Amino acid sequence: MTAPDDEHHDAPPAPAPAPGADELSVRDRALLALERRPWSGPGAKERAIREELGISPVRYYQLLNALIEDERALREDPVTVNRLRRVRDARRGRR
């Protein structure tokens, strides 16, 4: 005698995750790497954003703010992401 089939035998299989779906993009990793670096003076970070990433500082901060909400970023670099979340939350509290 065989065991009864699972009740959900007609359900389609769960889709496989896309390759790399659980990983950050190269750009996202570059954003976090730039954010980890110390900056020597005014304008140095903005210059690095333009030269190394090829985007404007405004776009950089838009991408960074979205990135710190991504759980993949938190797994990749919890120290940086948590620091950025604390800074953001403190700014919101002052408004």
# chains A, B, ... in the order shown; residues from 1 in each chain; ligands from 1

$ residues_around --residues "Arg27 of chain A" --least-positions-apart "2" --cutoff "12 Å" --atoms "only C-alpha atoms" --output "JSON, numbers by chain"
{"A": [23, 24, 25, 29, 30, 31, 32, 33, 34, 49, 52, 53, 54, 55, 60, 63, 64, 67, 73]}

$ atom_distance --atom1 "atom CA of Val79 of chain A" --atom2 "atom CA of Val26 of chain A"
18.8 Å
